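Engineer: My structure is stored as target-v4.txt, with compact mmCIF, C-alpha atoms (C1' of nucleotides).
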# COMPACT_ATOMS: atom_id res chain seq x y z
CA MET A 1 -127.59 74.41 50.00
CA ASN A 2 -127.87 72.50 53.24
CA THR A 3 -124.93 71.61 55.46
CA SER A 4 -124.53 68.18 53.94
CA GLU A 5 -124.26 69.54 50.41
CA ARG A 6 -121.91 72.29 51.52
CA LEU A 7 -119.64 69.67 53.08
CA VAL A 8 -119.54 67.72 49.83
CA THR A 9 -118.76 70.86 47.84
CA ALA A 10 -116.04 71.87 50.27
CA ALA A 11 -114.50 68.40 50.13
CA ALA A 12 -114.50 68.49 46.32
CA GLU A 13 -112.76 71.85 46.32
CA LEU A 14 -110.15 70.62 48.78
CA LEU A 15 -109.56 67.57 46.56
CA ASP A 16 -108.97 69.82 43.57
CA ALA A 17 -106.74 72.19 45.51
CA GLY A 18 -104.56 69.80 47.46
CA GLY A 19 -105.37 66.18 46.69
CA GLU A 20 -106.85 63.59 48.99
CA ALA A 21 -104.44 64.36 51.81
CA ALA A 22 -105.84 67.88 52.01
CA VAL A 23 -109.32 66.60 52.81
CA THR A 24 -109.16 66.51 56.58
CA LEU A 25 -112.37 66.80 58.51
CA ARG A 26 -110.91 69.80 60.24
CA ALA A 27 -110.26 71.53 56.91
CA VAL A 28 -113.68 70.61 55.51
CA GLY A 29 -115.46 71.85 58.61
CA SER A 30 -113.43 75.02 58.71
CA ALA A 31 -114.20 75.70 55.03
CA ILE A 32 -117.91 75.99 55.76
CA GLY A 33 -117.62 77.39 59.28
CA VAL A 34 -118.47 74.39 61.42
CA SER A 35 -116.39 72.40 63.87
CA HIS A 36 -114.09 69.56 62.89
CA ASN A 37 -116.56 66.90 63.81
CA ALA A 38 -119.77 68.41 62.59
CA PRO A 39 -119.34 66.19 59.47
CA TYR A 40 -120.06 63.19 61.67
CA LYS A 41 -123.63 64.37 61.98
CA HIS A 42 -124.06 63.97 58.19
CA PHE A 43 -121.59 61.24 57.23
CA VAL A 44 -120.56 58.21 59.20
CA SER A 45 -116.88 58.69 58.39
CA ARG A 46 -114.38 60.54 56.25
CA ASP A 47 -114.63 57.77 53.63
CA ASP A 48 -118.39 58.24 53.57
CA LEU A 49 -117.93 61.93 52.77
CA LEU A 50 -115.47 61.10 49.99
CA ALA A 51 -117.92 58.55 48.61
CA ALA A 52 -120.57 61.28 48.47
CA VAL A 53 -118.23 63.40 46.34
CA ALA A 54 -117.65 60.45 44.02
CA THR A 55 -121.37 59.74 43.72
CA SER A 56 -122.03 63.31 42.69
CA ASP A 57 -119.23 63.19 40.11
CA PHE A 58 -120.47 59.92 38.61
CA ARG A 59 -123.84 61.55 38.04
CA THR A 60 -122.19 64.50 36.31
CA VAL A 61 -120.26 62.18 34.01
CA ALA A 62 -123.36 60.12 33.28
CA ASP A 63 -125.27 63.27 32.29
CA ALA A 64 -122.50 64.29 29.89
CA TRP A 65 -122.52 60.83 28.31
CA LYS A 66 -126.28 60.92 27.90
CA GLN A 67 -125.98 64.16 25.93
CA ILE A 68 -123.32 62.62 23.70
CA ARG A 69 -125.39 59.53 23.07
CA LYS A 70 -128.26 61.70 21.84
CA SER A 71 -126.02 63.67 19.48
CA VAL A 72 -125.96 63.31 15.71
CA LEU A 73 -122.23 62.52 15.53
CA LYS A 74 -120.88 59.38 13.90
CA PRO A 75 -120.29 56.39 16.23
CA ASN A 76 -116.50 56.74 16.12
CA GLN A 77 -116.68 60.37 17.12
CA ARG A 78 -119.32 59.77 19.74
CA LEU A 79 -117.05 57.23 21.39
CA LEU A 80 -114.08 59.59 21.22
CA ASP A 81 -116.19 62.37 22.73
CA ALA A 82 -117.32 60.08 25.53
CA LEU A 83 -113.72 59.21 26.29
CA ASP A 84 -112.87 62.88 26.10
CA VAL A 85 -115.25 63.52 28.99
CA VAL A 86 -113.26 61.32 31.35
CA ILE A 87 -109.90 62.50 30.02
CA ARG A 88 -110.88 66.08 30.70
CA PHE A 89 -112.25 65.21 34.11
CA SER A 90 -109.06 63.36 35.00
CA GLN A 91 -106.99 66.38 33.98
CA ASP A 92 -109.17 69.00 35.65
CA HIS A 93 -109.84 67.00 38.81
CA PRO A 94 -107.15 64.33 39.19
CA ALA A 95 -107.85 63.56 42.84
CA ARG A 96 -111.57 63.25 42.18
CA TYR A 97 -110.91 61.05 39.15
CA ARG A 98 -108.90 58.74 41.37
CA LEU A 99 -111.84 58.64 43.74
CA LEU A 100 -114.08 57.44 40.92
CA PHE A 101 -111.92 54.74 39.38
CA ASN A 102 -108.93 54.21 41.59
CA SER A 103 -110.05 53.84 45.17
CA PRO A 104 -110.89 50.26 46.12
CA ALA A 105 -111.61 51.22 49.72
CA ILE A 106 -114.17 53.78 48.61
CA ALA A 107 -115.66 51.65 45.83
CA ALA A 108 -116.12 48.72 48.22
CA ARG A 109 -118.62 50.73 50.23
CA GLY A 110 -121.41 49.92 47.77
CA GLY A 111 -124.65 51.82 48.23
CA PRO A 112 -125.52 54.93 46.19
CA LEU A 113 -121.95 55.21 44.92
CA THR A 114 -122.10 51.80 43.27
CA SER A 115 -125.52 52.58 41.81
CA ALA A 116 -124.28 55.85 40.34
CA ALA A 117 -121.19 54.12 38.94
CA ASP A 118 -123.25 51.35 37.37
CA GLU A 119 -125.64 53.79 35.79
CA ALA A 120 -122.83 55.88 34.32
CA LEU A 121 -121.02 52.87 32.90
CA SER A 122 -124.22 51.53 31.38
CA VAL A 123 -124.59 54.77 29.40
CA PHE A 124 -121.04 54.37 28.17
CA ALA A 125 -121.80 50.76 27.20
CA ALA A 126 -124.85 51.98 25.28
CA ILE A 127 -122.69 54.34 23.24
CA VAL A 128 -120.43 51.43 22.31
CA GLU A 129 -123.45 49.28 21.54
CA ASP A 130 -124.83 51.94 19.19
CA GLY A 131 -121.55 51.76 17.31
CA GLN A 132 -121.74 48.02 17.08
CA ALA A 133 -125.30 48.16 15.83
CA ALA A 134 -124.08 50.56 13.12
CA GLY A 135 -121.44 47.98 12.18
CA VAL A 136 -118.52 50.23 13.08
CA PHE A 137 -117.18 48.25 16.03
CA PRO A 138 -116.67 44.49 16.16
CA ALA A 139 -119.50 42.30 17.41
CA ALA A 140 -117.94 41.19 20.70
CA PRO A 141 -120.54 41.30 23.49
CA SER A 142 -121.09 45.01 24.00
CA ASP A 143 -120.47 44.95 27.72
CA HIS A 144 -117.15 43.24 27.18
CA LEU A 145 -116.08 45.60 24.43
CA ALA A 146 -117.15 48.66 26.41
CA VAL A 147 -115.21 47.49 29.45
CA LEU A 148 -112.17 46.80 27.28
CA ILE A 149 -112.30 50.25 25.74
CA PHE A 150 -112.91 51.96 29.02
CA ALA A 151 -110.18 49.97 30.73
CA THR A 152 -107.75 51.09 28.04
CA ALA A 153 -108.74 54.71 28.47
CA HIS A 154 -108.46 54.42 32.23
CA GLY A 155 -105.11 52.68 31.93
CA LEU A 156 -103.75 55.42 29.68
CA ILE A 157 -105.06 58.14 31.97
CA ASP A 158 -103.56 56.38 34.94
CA ALA A 159 -100.21 55.80 33.28
CA ASP A 160 -100.19 59.43 32.26
CA ALA A 161 -100.99 60.56 35.80
CA SER A 162 -98.18 58.44 37.19
CA GLY A 163 -95.82 59.91 34.63
CA ARG A 164 -94.75 56.54 33.22
CA LEU A 165 -96.51 56.82 29.89
CA ARG A 166 -95.20 60.26 29.12
CA THR A 167 -91.59 59.36 29.69
CA ARG A 168 -91.76 56.21 27.62
CA THR A 169 -93.66 57.49 24.60
CA GLY A 170 -93.40 61.24 24.55
CA TRP A 171 -97.08 61.38 23.70
CA ALA A 172 -98.38 64.82 24.34
CA GLU A 173 -101.90 63.59 24.72
CA ILE A 174 -103.63 60.51 25.98
CA GLY A 175 -106.14 60.90 23.19
CA THR A 176 -103.67 59.86 20.54
CA GLY A 177 -103.49 56.43 22.11
CA LEU A 178 -107.24 56.16 22.19
CA GLN A 179 -107.53 57.20 18.56
CA ILE A 180 -105.14 54.42 17.65
CA LEU A 181 -107.21 51.96 19.66
CA VAL A 182 -110.47 53.02 18.06
CA ARG A 183 -108.90 52.63 14.64
CA LEU A 184 -107.45 49.25 15.50
CA LEU A 185 -110.88 48.12 16.64
CA SER A 186 -112.83 49.68 13.80
CA ASN A 187 -113.81 47.45 10.96
CA ASP A 188 -112.29 50.10 8.75
CA ARG A 189 -108.66 49.03 9.14
CA SER A 190 -107.21 51.33 6.50
CA HIS A 191 -105.42 53.55 9.02
CA VAL A 192 -103.91 50.79 11.10
CA ALA A 193 -100.73 50.27 9.12
CA SER A 194 -99.38 53.73 9.79
CA GLY A 195 -100.53 53.90 13.38
CA GLN A 196 -100.01 57.64 13.21
CA ALA A 197 -102.79 59.82 14.50
CA ARG A 198 -102.91 63.48 13.59
CA ARG A 199 -102.11 65.99 16.28
CA ARG A 200 -105.08 67.02 18.30
CA ARG A 201 -106.00 70.38 19.61
CA PRO A 202 -105.79 70.67 23.38
CA GLY A 203 -108.47 68.94 25.37
CA ARG A 204 -110.47 67.75 22.46
CA LEU A 205 -110.34 64.52 20.51
CA GLU A 206 -110.09 65.33 16.84
CA ARG A 207 -112.75 64.44 14.32
CA ASP A 208 -112.03 61.41 12.19
CA MET B 22 -79.28 40.91 54.96
CA ASN B 23 -78.44 44.38 56.21
CA THR B 24 -80.83 46.62 58.05
CA SER B 25 -81.87 48.48 54.94
CA GLU B 26 -82.86 45.28 53.11
CA ARG B 27 -84.63 43.95 56.16
CA LEU B 28 -86.69 47.15 56.34
CA VAL B 29 -87.71 46.78 52.69
CA THR B 30 -88.66 43.14 53.23
CA ALA B 31 -90.66 43.98 56.34
CA ALA B 32 -92.46 46.80 54.51
CA ALA B 33 -93.35 44.45 51.64
CA GLU B 34 -94.75 41.90 54.08
CA LEU B 35 -96.81 44.55 55.84
CA LEU B 36 -98.16 45.71 52.47
CA ASP B 37 -99.25 42.17 51.66
CA ALA B 38 -100.75 41.62 55.07
CA GLY B 39 -102.59 44.86 55.66
CA GLY B 40 -102.29 47.21 52.71
CA GLU B 41 -100.56 50.54 52.60
CA ALA B 42 -102.15 51.80 55.78
CA ALA B 43 -100.46 48.99 57.70
CA VAL B 44 -97.01 50.23 56.73
CA THR B 45 -96.30 52.57 59.62
CA LEU B 46 -92.71 53.23 60.50
CA ARG B 47 -93.46 51.99 63.98
CA ALA B 48 -94.73 48.66 62.59
CA VAL B 49 -91.82 48.31 60.17
CA GLY B 50 -89.27 49.04 62.87
CA SER B 51 -90.95 46.72 65.33
CA ALA B 52 -91.01 43.91 62.73
CA ILE B 53 -87.22 43.82 62.59
CA GLY B 54 -86.55 44.82 66.18
CA VAL B 55 -85.49 48.45 65.83
CA SER B 56 -87.08 51.65 67.02
CA HIS B 57 -89.78 53.49 65.12
CA ASN B 58 -87.40 56.00 63.65
CA ALA B 59 -84.44 53.82 62.85
CA PRO B 60 -85.78 53.75 59.24
CA TYR B 61 -84.81 57.42 58.96
CA LYS B 62 -81.16 56.38 59.06
CA HIS B 63 -81.70 54.41 55.82
CA PHE B 64 -84.53 56.21 54.03
CA VAL B 65 -85.31 59.87 53.95
CA SER B 66 -89.03 59.31 54.49
CA ARG B 67 -91.79 56.73 54.55
CA ASP B 68 -92.39 57.35 50.83
CA ASP B 69 -88.72 56.66 50.17
CA LEU B 70 -89.05 53.27 51.87
CA LEU B 71 -92.16 52.47 49.83
CA ALA B 72 -90.32 53.49 46.66
CA ALA B 73 -87.57 51.01 47.55
CA VAL B 74 -90.16 48.23 47.75
CA ALA B 75 -91.52 49.24 44.34
CA THR B 76 -88.04 49.35 42.81
CA SER B 77 -87.35 45.83 43.99
CA ASP B 78 -90.68 44.60 42.62
CA PHE B 79 -90.12 46.22 39.22
CA ARG B 80 -86.85 44.30 38.96
CA THR B 81 -88.60 41.05 39.79
CA VAL B 82 -91.22 41.65 37.09
CA ALA B 83 -88.55 42.62 34.58
CA ASP B 84 -86.68 39.37 35.25
CA ALA B 85 -89.83 37.32 34.68
CA TRP B 86 -90.49 39.14 31.40
CA LYS B 87 -86.92 38.54 30.24
CA GLN B 88 -87.41 34.81 30.74
CA ILE B 89 -90.65 34.89 28.75
CA ARG B 90 -89.03 36.80 25.94
CA LYS B 91 -86.36 34.13 25.61
CA SER B 92 -88.93 31.31 25.53
CA VAL B 93 -89.89 29.31 22.45
CA LEU B 94 -93.60 30.12 22.73
CA LYS B 95 -95.56 31.74 19.93
CA PRO B 96 -95.85 35.57 20.05
CA ASN B 97 -99.53 35.52 21.07
CA GLN B 98 -98.81 33.21 23.99
CA ARG B 99 -95.68 35.08 24.98
CA LEU B 100 -97.73 38.25 25.26
CA LEU B 101 -100.43 36.51 27.26
CA ASP B 102 -97.79 35.05 29.58
CA ALA B 103 -96.23 38.47 30.06
CA LEU B 104 -99.62 39.89 30.97
CA ASP B 105 -100.18 36.92 33.24
CA VAL B 106 -97.14 37.97 35.26
CA VAL B 107 -98.69 41.29 36.22
CA ILE B 108 -102.15 39.82 36.72
CA ARG B 109 -100.75 37.29 39.15
CA PHE B 110 -98.69 39.94 40.89
CA SER B 111 -101.73 42.18 41.22
CA GLN B 112 -103.72 39.34 42.75
CA ASP B 113 -101.00 38.08 45.08
CA HIS B 114 -99.77 41.52 46.13
CA PRO B 115 -102.51 44.08 45.45
CA ALA B 116 -101.03 46.83 47.63
CA ARG B 117 -97.61 46.38 46.06
CA TYR B 118 -99.14 46.39 42.58
CA ARG B 119 -100.75 49.71 43.37
CA LEU B 120 -97.35 50.98 44.44
CA LEU B 121 -95.95 50.07 41.02
CA PHE B 122 -98.64 51.45 38.75
CA ASN B 123 -101.05 53.44 40.83
CA SER B 124 -99.15 55.79 43.08
CA PRO B 125 -98.40 59.16 41.47
CA ALA B 126 -96.76 60.50 44.63
CA ILE B 127 -94.32 57.58 44.72
CA ALA B 128 -93.72 57.52 40.96
CA ALA B 129 -92.95 61.24 40.92
CA ARG B 130 -89.89 60.63 43.06
CA GLY B 131 -87.85 59.58 40.01
CA GLY B 132 -84.45 58.07 40.74
CA PRO B 133 -83.83 54.31 40.85
CA LEU B 134 -87.58 53.62 40.86
CA THR B 135 -88.11 55.33 37.53
CA SER B 136 -85.08 53.57 36.08
CA ALA B 137 -86.36 50.18 37.21
CA ALA B 138 -89.82 50.96 35.83
CA ASP B 139 -88.45 52.08 32.49
CA GLU B 140 -86.29 48.99 32.16
CA ALA B 141 -89.19 46.66 32.97
CA LEU B 142 -91.53 48.34 30.51
CA SER B 143 -88.89 48.26 27.78
CA VAL B 144 -88.72 44.46 28.11
CA PHE B 145 -92.49 44.31 27.76
CA ALA B 146 -92.29 46.52 24.69
CA ALA B 147 -89.68 44.18 23.24
CA ILE B 148 -92.05 41.23 23.61
CA VAL B 149 -94.69 43.15 21.68
CA GLU B 150 -92.13 44.18 19.09
CA ASP B 151 -91.13 40.56 18.56
CA GLY B 152 -94.77 39.79 17.79
CA GLN B 153 -94.95 42.64 15.35
CA ALA B 154 -91.77 41.50 13.61
CA ALA B 155 -93.39 38.08 13.26
CA GLY B 156 -96.39 39.74 11.64
CA VAL B 157 -98.81 38.71 14.37
CA PHE B 158 -99.57 42.17 15.75
CA PRO B 159 -100.35 45.27 13.70
CA ALA B 160 -97.50 47.53 12.68
CA ALA B 161 -98.34 50.53 14.87
CA PRO B 162 -95.18 51.94 16.48
CA SER B 163 -94.18 49.24 18.96
CA ASP B 164 -93.92 51.58 21.92
CA HIS B 165 -97.40 52.86 21.27
CA LEU B 166 -98.90 49.41 20.84
CA ALA B 167 -97.14 48.08 23.93
CA VAL B 168 -98.40 50.98 26.01
CA LEU B 169 -101.92 50.47 24.66
CA ILE B 170 -101.87 46.79 25.52
CA PHE B 171 -100.35 47.35 28.92
CA ALA B 172 -102.76 50.17 29.66
CA THR B 173 -105.66 47.87 28.86
CA ALA B 174 -104.30 45.17 31.13
CA HIS B 175 -103.72 47.68 33.89
CA GLY B 176 -107.17 49.15 33.41
CA LEU B 177 -108.80 45.74 33.65
CA ILE B 178 -106.76 44.84 36.73
CA ASP B 179 -107.66 48.15 38.28
CA ALA B 180 -111.33 47.89 37.47
CA ASP B 181 -111.30 44.39 38.88
CA ALA B 182 -109.60 45.57 42.06
CA SER B 183 -112.15 48.32 42.50
CA GLY B 184 -114.94 45.80 42.00
CA ARG B 185 -116.58 47.70 39.14
CA LEU B 186 -115.62 45.33 36.34
CA ARG B 187 -116.79 42.24 38.11
CA THR B 188 -120.23 43.55 38.86
CA ARG B 189 -120.81 44.82 35.35
CA THR B 190 -119.57 41.84 33.38
CA GLY B 191 -119.51 38.86 35.66
CA TRP B 192 -116.15 37.92 34.22
CA ALA B 193 -114.45 35.47 36.48
CA GLU B 194 -111.05 36.42 35.24
CA ILE B 195 -109.35 39.50 33.93
CA GLY B 196 -107.51 37.29 31.46
CA THR B 197 -110.62 36.72 29.41
CA GLY B 198 -110.74 40.39 28.57
CA LEU B 199 -107.11 40.37 27.57
CA GLN B 200 -107.60 37.33 25.37
CA ILE B 201 -110.35 39.17 23.58
CA LEU B 202 -108.10 42.19 23.13
CA VAL B 203 -105.22 40.14 21.78
CA ARG B 204 -107.58 38.48 19.31
CA LEU B 205 -109.06 41.80 18.27
CA LEU B 206 -105.57 43.12 17.66
CA SER B 207 -104.22 40.01 15.97
CA ASN B 208 -104.16 40.01 12.22
CA ASP B 209 -105.97 36.70 12.47
CA ARG B 210 -109.47 38.09 13.03
CA SER B 211 -111.32 34.78 12.73
CA HIS B 212 -112.30 34.68 16.39
CA VAL B 213 -113.53 38.24 16.65
CA ALA B 214 -117.12 37.67 15.65
CA SER B 215 -117.95 35.44 18.59
CA GLY B 216 -115.95 37.38 21.14
CA GLN B 217 -116.19 34.36 23.40
CA ALA B 218 -113.00 33.18 25.03
CA ARG B 219 -112.79 29.75 26.57
CA ARG B 220 -112.66 29.46 30.32
CA ARG B 221 -109.17 29.56 31.72
CA ARG B 222 -107.69 27.62 34.55
CA PRO B 223 -107.05 29.73 37.61
CA GLY B 224 -104.12 32.09 37.46
CA ARG B 225 -102.96 31.10 34.04
CA LEU B 226 -103.85 32.49 30.66
CA GLU B 227 -104.91 29.67 28.42
CA ARG B 228 -102.98 28.64 25.35
CA ASP B 229 -104.47 29.73 22.07
C1' DA C 21 -72.02 55.15 61.71
C1' DC C 22 -76.13 53.74 63.69
C1' DC C 23 -79.70 53.86 66.98
C1' DT C 24 -82.95 55.45 70.88
C1' DG C 25 -86.57 58.00 73.40
C1' DA C 26 -88.93 62.09 74.08
C1' DA C 27 -91.32 65.54 71.89
C1' DC C 28 -94.16 68.10 68.23
C1' DA C 29 -97.82 68.91 65.28
C1' DC C 30 -100.87 66.66 63.17
C1' DC C 31 -104.80 62.94 62.14
C1' DG C 32 -109.82 60.30 62.54
C1' DT C 33 -112.92 59.19 65.83
C1' DT C 34 -115.53 59.14 70.30
C1' DC C 35 -118.16 61.19 73.83
C1' DA C 36 -120.32 64.10 77.08
C1' DA C 37 -122.37 68.27 77.01
C1' DG C 38 -124.72 72.13 75.18
C1' DT C 39 -128.99 74.68 72.23
C1' DA D 9 -131.93 67.65 65.47
C1' DC D 10 -127.60 69.60 65.18
C1' DC D 11 -123.35 71.20 66.91
C1' DT D 12 -119.17 72.00 70.08
C1' DG D 13 -114.87 71.17 72.69
C1' DA D 14 -112.12 68.11 75.11
C1' DA D 15 -110.05 63.85 74.91
C1' DC D 16 -107.95 59.41 72.95
C1' DA D 17 -105.05 56.72 70.33
C1' DC D 18 -102.76 57.03 66.65
C1' DC D 19 -99.48 59.07 62.77
C1' DG D 20 -94.75 61.05 60.29
C1' DT D 21 -91.07 63.63 61.46
C1' DT D 22 -87.49 66.13 64.25
C1' DC D 23 -83.95 66.41 67.56
C1' DA D 24 -80.85 65.86 71.27
C1' DA D 25 -78.51 62.31 73.21
C1' DG D 26 -76.35 57.97 73.54
C1' DT D 27 -72.68 53.86 71.79
In C-alpha cells, write the structure found in this file.

Structural biologist:
Amino acid sequence: MNTSERLVTAAAELLDAGGEAAVTLRAVGSAIGVSHNAPYKHFVSRDDLLAAVATSDFRTVADAWKQIRKSVLKPNQRLLDALDVVIRFSQDHPARYRLLFNSPAIAARGGPLTSAADEALSVFAAIVEDGQAAGVFPAAPSDHLAVLIFATAHGLIDADASGRLRTRTGWAEIGTGLQILVRLLSNDRSHVASGQARRRRPGRLERD
Amino acid sequence: MNTSERLVTAAAELLDAGGEAAVTLRAVGSAIGVSHNAPYKHFVSRDDLLAAVATSDFRTVADAWKQIRKSVLKPNQRLLDALDVVIRFSQDHPARYRLLFNSPAIAARGGPLTSAADEALSVFAAIVEDGQAAGVFPAAPSDHLAVLIFATAHGLIDADASGRLRTRTGWAEIGTGLQILVRLLSNDRSHVASGQARRRRPGRLERD
DNA sequence: ACCTGAACACCGTTCAAGT
DNA sequence: ACCTGAACACCGTTCAAGT
C-alpha cells in the first residue's frame, strides 16, 4: 500500500473509532508515521482526504449491490437485501455512512466521488427496475421509485442515528419500517392492513 | 429581549448566513456586542447554544403543523401541506434544518430539545392519523406510517441538499417525489400507473 | 449576577527548507 | 518527488479578575 492509500485507511479507522472530529491531519499522519502535513502532498485538503474515504466506500457498496442483483432471490428479498447493505454499513460505520449520504460539503466536491456515488445508485436503481419488470413493484419511473425507496431507507437510518425514531416508535430495528414500506408498495397488498412485520433476527432483513 | 434570547437569535442568523461553521462564539458575541465568552454565562457550551436554536425551531414547526391540522383541507392536502412546511424550512434555513434532523451530537443532548422534537412529531403523526381515520391512508399503525412518510420526506430533502437526488433524477422539486409517495400510499391507486405528477409552483405542493 | 481579557491547548493550512 | 518543522490565524474552553 502506498502512502496515499495508507492515509485513506487510517482516516477510515479514525472515523470508525472517534467520528469525524477525530480525523485531524495530525492524527492521520501520526497513525502511519508521517508528519501532520504530509497528507497535503497527496490530498489538497482535509475534505479531499475525507472524499477519498467516501469514494472507496461507495465502490464497496456498489460491489455488494452487484452481487445481490445477480442472485436468484425474489425481487422483494433482493430489495430488502440491498437495503440491508446500507443499514449494516450505517450501523458498523456511522461516521463513514454520514460521509456518503449526509455531507453536503463533501458531496459538492464532485469528481471521482460523484462518479462512484452515481454508479452505486444506478445499481440500486437496477435492482428496483428488475422488480418492476417482474411486476412486483408499481410502474412509476424506476429512477423515481428507487430514489423514493432509498430516501425512505436513508431517512429511517438517519432518524435512528439521531435517536428520534427510536424514542417515538420503540422499533428495535430500522428494517421493520422498510418491510412495511416494501409491502405497502408491493402490488400484493394482502399484508398492508395489519402493518405488522415479524421480528427480524439481528442485522438481517427477514425473508418474506 | 434578554441576552440569552439575543444570543439564540444571533446564532440562528449566523447559521442562515454562513452555515454551522460560521457560528463561532466570537462571532455570536460580537453580533450582539458582548465578549466572545459571554455566551458561557447563558449556555454551558457551543452545542448547548445550537440546541437552543433547534428547540426554538421545533416549536415554530409544531405551531405551523397545528394550524394545518385544524384546517378544512382534505387529508391528502393536509399531509402535503405539512410536508411543505419542512421542505420550505429546509430550503430557507438549510443549516438550521440540519440541526433539527441531522445532528446526532446535538440530538443526543436530550432535555428541552428532545421534548420539543417529540411534541412536533406527535402533531405530524396526528395529521397522518386523521387521514387514516378518514380512510385515505392505509391502516398501518399511525406512528409507524407517520415515521415512514416523514423519513421519506427527510431522505428526499437530504438527498436534494447533498446534490445526489438532483443529478440522478432531474427533479426540479422534492415535492414531486412526495406527491408520488402519497399517491402510492393512498387507497386511491388510480394515479400510480403513470407515476407522473404535475409540475408544482415554486415552494408550494400542488393541490390534488 | 453578569461580563471581560488573557491564556491554554488545540485546529487546518502555508511556507521555506531539507533529502 | 516527497517530507519536515516552524509559523499563522483561527477555534472552544477555562480562569482569575472586575462591576

Engineer: In Å, rounded to a single decimal, give me how far CA of Gly29 (chain A) is from C1' of DT12 (chain D).

Structural biologist: 12.1 Å

Engineer: Could you please tell me, as a VMD selection string, which residues of chain C have an atom within 12 Å of chain B when using all atoms listed in the file?

Structural biologist: chain C and resid 21 to 25

Engineer: Tell me which protein, DNA and RNA residues are within 12 Å of Asp139 (chain B), counting all atoms listed in the file, leaving out same-chain ones fewer than 4 positions away, and put them as a PyMOL selection string.

Structural biologist: (chain A and resi 163-169) or (chain B and resi 76+79-80+82-83+121-122+128+131-135+143-146+164+168)

Engineer: How many Å separate CA of Ala85 (chain B) from CA of Gly152 (chain B)?

Structural biologist: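 We find that CA of Ala85 (chain B) and CA of Gly152 (chain B) lie 17.8 Å from each other.
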
Engineer: Give me the residues within 10 Å of DT33 (chain C) as a ChimeraX atom specification, counting all atoms listed in the file and dropping any in the same chain fewer than 2 places off.

Structural biologist: /A:37,40,45-46 /C:31,35 /D:16-17

Engineer: Which residue gives the smallest distance to chain B among A:Ala95, A:Leu7, A:Ile87, A:Leu14, with all atoms listed in the file counted?

Structural biologist: A:Ala95

Engineer: For region 67-76 of chain B, what centre and edge lengths in Å (one decimal) does the axis-aligned box get once 4 Å is added on each side of all its listed atoms, as JSON?

Structural biologist:
{"center_x": -90.0, "center_y": 52.8, "center_z": 48.7, "size_x": 12.8, "size_y": 17.1, "size_z": 19.7}

Engineer: I need the chain A residues near chain B as an mmCIF file with C-alpha atoms, in the frame of the given file; criterion: at most 7 Å, counting only C-alpha atoms.

Structural biologist:
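out_0.cif written:
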data_model
loop_
_atom_site.group_PDB
_atom_site.id
_atom_site.type_symbol
_atom_site.label_atom_id
_atom_site.label_comp_id
_atom_site.auth_asym_id
_atom_site.auth_seq_id
_atom_site.Cartn_x
_atom_site.Cartn_y
_atom_site.Cartn_z
ATOM 1 C CA ASN A 102 -108.930 54.210 41.590
ATOM 2 C CA SER A 103 -110.050 53.840 45.170
ATOM 3 C CA PRO A 104 -110.890 50.260 46.120
ATOM 4 C CA ALA A 107 -115.660 51.650 45.830
ATOM 5 C CA ALA A 108 -116.120 48.720 48.220
ATOM 6 C CA PRO A 138 -116.670 44.490 16.160
ATOM 7 C CA ALA A 139 -119.500 42.300 17.410
ATOM 8 C CA ALA A 140 -117.940 41.190 20.700
ATOM 9 C CA PRO A 141 -120.540 41.300 23.490
ATOM 10 C CA ASP A 143 -120.470 44.950 27.720
ATOM 11 C CA HIS A 144 -117.150 43.240 27.180
ATOM 12 C CA LEU A 148 -112.170 46.800 27.280
ATOM 13 C CA ALA A 151 -110.180 49.970 30.730
ATOM 14 C CA THR A 152 -107.750 51.090 28.040
ATOM 15 C CA HIS A 154 -108.460 54.420 32.230
ATOM 16 C CA GLY A 155 -105.110 52.680 31.930
ATOM 17 C CA LEU A 156 -103.750 55.420 29.680
ATOM 18 C CA ALA A 161 -100.990 60.560 35.800
ATOM 19 C CA SER A 162 -98.180 58.440 37.190
ATOM 20 C CA THR A 169 -93.660 57.490 24.600
ATOM 21 C CA GLY A 177 -103.490 56.430 22.110
ATOM 22 C CA LEU A 184 -107.450 49.250 15.500
ATOM 23 C CA LEU A 185 -110.880 48.120 16.640
ATOM 24 C CA VAL A 192 -103.910 50.790 11.100
ATOM 25 C CA ALA A 193 -100.730 50.270 9.120
ATOM 26 C CA SER A 194 -99.380 53.730 9.790
ATOM 27 C CA GLY A 195 -100.530 53.900 13.380
#

Engineer: Residues at most 12 Å from DA14 (chain D), counting only C-alpha atoms (C1' of nucleotides), excluding those fewer than 5 positions away in the same chain, as a ChimeraX atom specification?

Structural biologist: /C:34-37

Engineer: Given only C-alpha atoms as the basis, pick out the residue of B:Leu120, B:Ala167, B:Ala73, B:Ala154 nearest to Ala103 (chain B).

Structural biologist: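 Using only C-alpha atoms, the shortest distance to Ala103 (chain B) belongs to B:Ala167.
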